[in-house]
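Here's the structure, in structure tokens; my notes come after.
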Amino acid sequence: MNRPAINADGRKVVVHNRRARHDYEILDTLEAGLALTGGEIKSIRAGGVQLADAYAEVKHGEAWLHNMHIAPYTHAGSVLADPKRPRKLLLHRREIDRLIGRVQEKGLTLIPLDVHLRRGFAKVELALARGRKRWDRRRDIEAKDVRRERDTEVARYR
């Protein structure tokens, strides 16, 4: 398991969701706490987290994170939690109410961008996002190629 690296703003990023920015158009971000057991937080600190198919939803006035895999901590006691169980997100009521309104808009979803540690607490950065179509991604790739060629020409000129 990998050890987290310390970011410039004091966050120790444990894992990034690399597919998120590729598959989704990010409209807004917010940080939420995670309700975890003792073995889960130790596993997160050791880097045993995967966000491959994770998503968040607001159900019955509470926010939940689904499909985030936290590897069982090997030195934990006899009680091991399910690695893919839904985990409660810790948000203020006004944030949850705002999310309910925005998620109900057409095509918007909540996806985790990363899991990080801030002052010893596990946090997840959520994004309110809209799914991209294949042609949207192609357009972004073309724009990136044009920017790269332009930067190469500018560097060559200097």
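Every chain in the structure tokens has a letter given in the order shown (A, B, ...), and although residue numbers restart at 1 in each chain, ligands are simply numbered from 1 in the order shown.
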
**Item:** Exercise: stretch 29-32 of chain A partners within 9 Å, only C-alpha atoms, chain neighbours under 6 positions left out, as a ChimeraX atom specification
**Value:** /A:89-92,95,113,122-129

**Item:** Long-range neighbours of A:Arg119 as a ChimeraX atom specification, 12 Å cut-off, only C-alpha atoms, 4 positions minimum in chain
**Value:** /A:6,9-12,33,45,123

**Item:** DSSP strand (DSSP E or B) selection over stretch 13-85 of chain A, as a list of chain:residue names
**Value:** A:Val13, A:Val14, A:Val15, A:His16, A:Tyr24, A:Glu25, A:Ile26, A:Leu27, A:Asp28, A:Thr29, A:Leu30, A:Glu31, A:Ala32, A:Gly33, A:Leu34, A:Val49, A:Gln50, A:Tyr55, A:Ala56, A:Glu57, A:Val58, A:Lys59, A:Glu62, A:Ala63, A:Trp64, A:Leu65, A:His66, A:His69, A:Ile70

Quick one: write out the picked residues with N, CA and C atoms as a short mmCIF file (atom, residue, chain, number, x, y, z; two decimals), in the first residue's frame?
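Everything below was put into result-v2.cif:
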data_model
loop_
_atom_site.label_atom_id
_atom_site.label_comp_id
_atom_site.auth_asym_id
_atom_site.auth_seq_id
_atom_site.Cartn_x
_atom_site.Cartn_y
_atom_site.Cartn_z
N VAL A 13 -3.18 13.65 0.26
CA VAL A 13 -4.05 12.97 -0.70
C VAL A 13 -3.70 11.49 -0.71
N VAL A 14 -4.69 10.66 -0.43
CA VAL A 14 -4.47 9.23 -0.37
C VAL A 14 -4.70 8.60 -1.74
N VAL A 15 -5.79 8.98 -2.41
CA VAL A 15 -6.11 8.41 -3.71
C VAL A 15 -6.89 9.43 -4.54
N HIS A 16 -6.62 9.47 -5.85
CA HIS A 16 -7.33 10.30 -6.82
C HIS A 16 -8.23 9.42 -7.66
N TYR A 24 -16.38 13.02 -16.79
CA TYR A 24 -17.39 13.96 -16.33
C TYR A 24 -16.92 15.40 -16.48
N GLU A 25 -17.88 16.30 -16.66
CA GLU A 25 -17.61 17.73 -16.64
C GLU A 25 -17.90 18.20 -15.22
N ILE A 26 -16.88 18.69 -14.52
CA ILE A 26 -16.99 19.08 -13.12
C ILE A 26 -17.61 20.47 -13.04
N LEU A 27 -18.75 20.58 -12.34
CA LEU A 27 -19.43 21.87 -12.21
C LEU A 27 -19.16 22.54 -10.87
N ASP A 28 -19.06 21.74 -9.80
CA ASP A 28 -18.86 22.29 -8.46
C ASP A 28 -18.21 21.23 -7.59
N THR A 29 -17.43 21.65 -6.59
CA THR A 29 -16.81 20.69 -5.68
C THR A 29 -17.09 21.08 -4.24
N LEU A 30 -17.07 20.09 -3.35
CA LEU A 30 -17.18 20.34 -1.92
C LEU A 30 -16.49 19.21 -1.18
N GLU A 31 -16.13 19.50 0.07
CA GLU A 31 -15.43 18.52 0.89
C GLU A 31 -16.38 17.97 1.95
N ALA A 32 -16.36 16.65 2.13
CA ALA A 32 -17.22 16.00 3.11
C ALA A 32 -16.39 15.06 3.96
N GLY A 33 -16.80 14.90 5.20
CA GLY A 33 -16.16 13.93 6.08
C GLY A 33 -16.74 12.55 5.82
N LEU A 34 -16.07 11.53 6.33
CA LEU A 34 -16.52 10.15 6.18
C LEU A 34 -16.73 9.54 7.56
N VAL A 49 -7.28 2.32 -0.44
CA VAL A 49 -8.57 2.81 -0.91
C VAL A 49 -8.62 2.77 -2.42
N GLN A 50 -9.80 2.46 -2.98
CA GLN A 50 -10.02 2.52 -4.43
C GLN A 50 -11.34 3.23 -4.69
N TYR A 55 -19.66 6.39 -6.26
CA TYR A 55 -20.56 7.51 -6.50
C TYR A 55 -21.25 7.85 -5.19
N ALA A 56 -21.81 9.04 -5.11
CA ALA A 56 -22.52 9.47 -3.91
C ALA A 56 -23.97 9.76 -4.27
N GLU A 57 -24.84 9.61 -3.28
CA GLU A 57 -26.25 9.95 -3.49
C GLU A 57 -26.83 10.48 -2.20
N VAL A 58 -27.88 11.28 -2.34
CA VAL A 58 -28.58 11.82 -1.19
C VAL A 58 -29.89 11.05 -1.10
N LYS A 59 -30.07 10.35 0.05
CA LYS A 59 -31.25 9.53 0.24
C LYS A 59 -31.80 9.78 1.64
N GLU A 62 -29.91 12.25 3.88
CA GLU A 62 -28.53 11.94 4.26
C GLU A 62 -27.73 11.65 3.00
N ALA A 63 -26.46 11.97 3.03
CA ALA A 63 -25.57 11.71 1.88
C ALA A 63 -24.79 10.43 2.14
N TRP A 64 -24.71 9.57 1.12
CA TRP A 64 -24.04 8.28 1.23
C TRP A 64 -23.07 8.10 0.09
N LEU A 65 -21.95 7.46 0.36
CA LEU A 65 -20.95 7.14 -0.65
C LEU A 65 -20.99 5.63 -0.90
N HIS A 66 -21.21 5.24 -2.14
CA HIS A 66 -21.34 3.83 -2.51
C HIS A 66 -20.15 3.36 -3.34
N HIS A 69 -14.06 1.16 -2.24
CA HIS A 69 -13.46 -0.03 -1.65
C HIS A 69 -12.35 0.38 -0.67
N ILE A 70 -12.52 -0.02 0.59
CA ILE A 70 -11.47 0.19 1.60
C ILE A 70 -11.01 -1.20 2.01
#

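You will find atom CA of A:Gly39 at 13.8 Å from atom CA of A:Lys84.
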
**Residues flagged helix (DSSP H, G or I) by DSSP in chain A, as a PyMOL selection string** = chain A and resi 20-23+38-45+93-103+134-157

**Request:** Quick one: pull the distance between atom CA of A:Ile111 and atom CA of A:Arg148, Å, one decimal.
**Result:** 28.7 Å

**Item:** Gap from atom CA of A:Ile141 to atom CA of A:Ala155 - Å, one decimal
**Value:** 21.0 Å
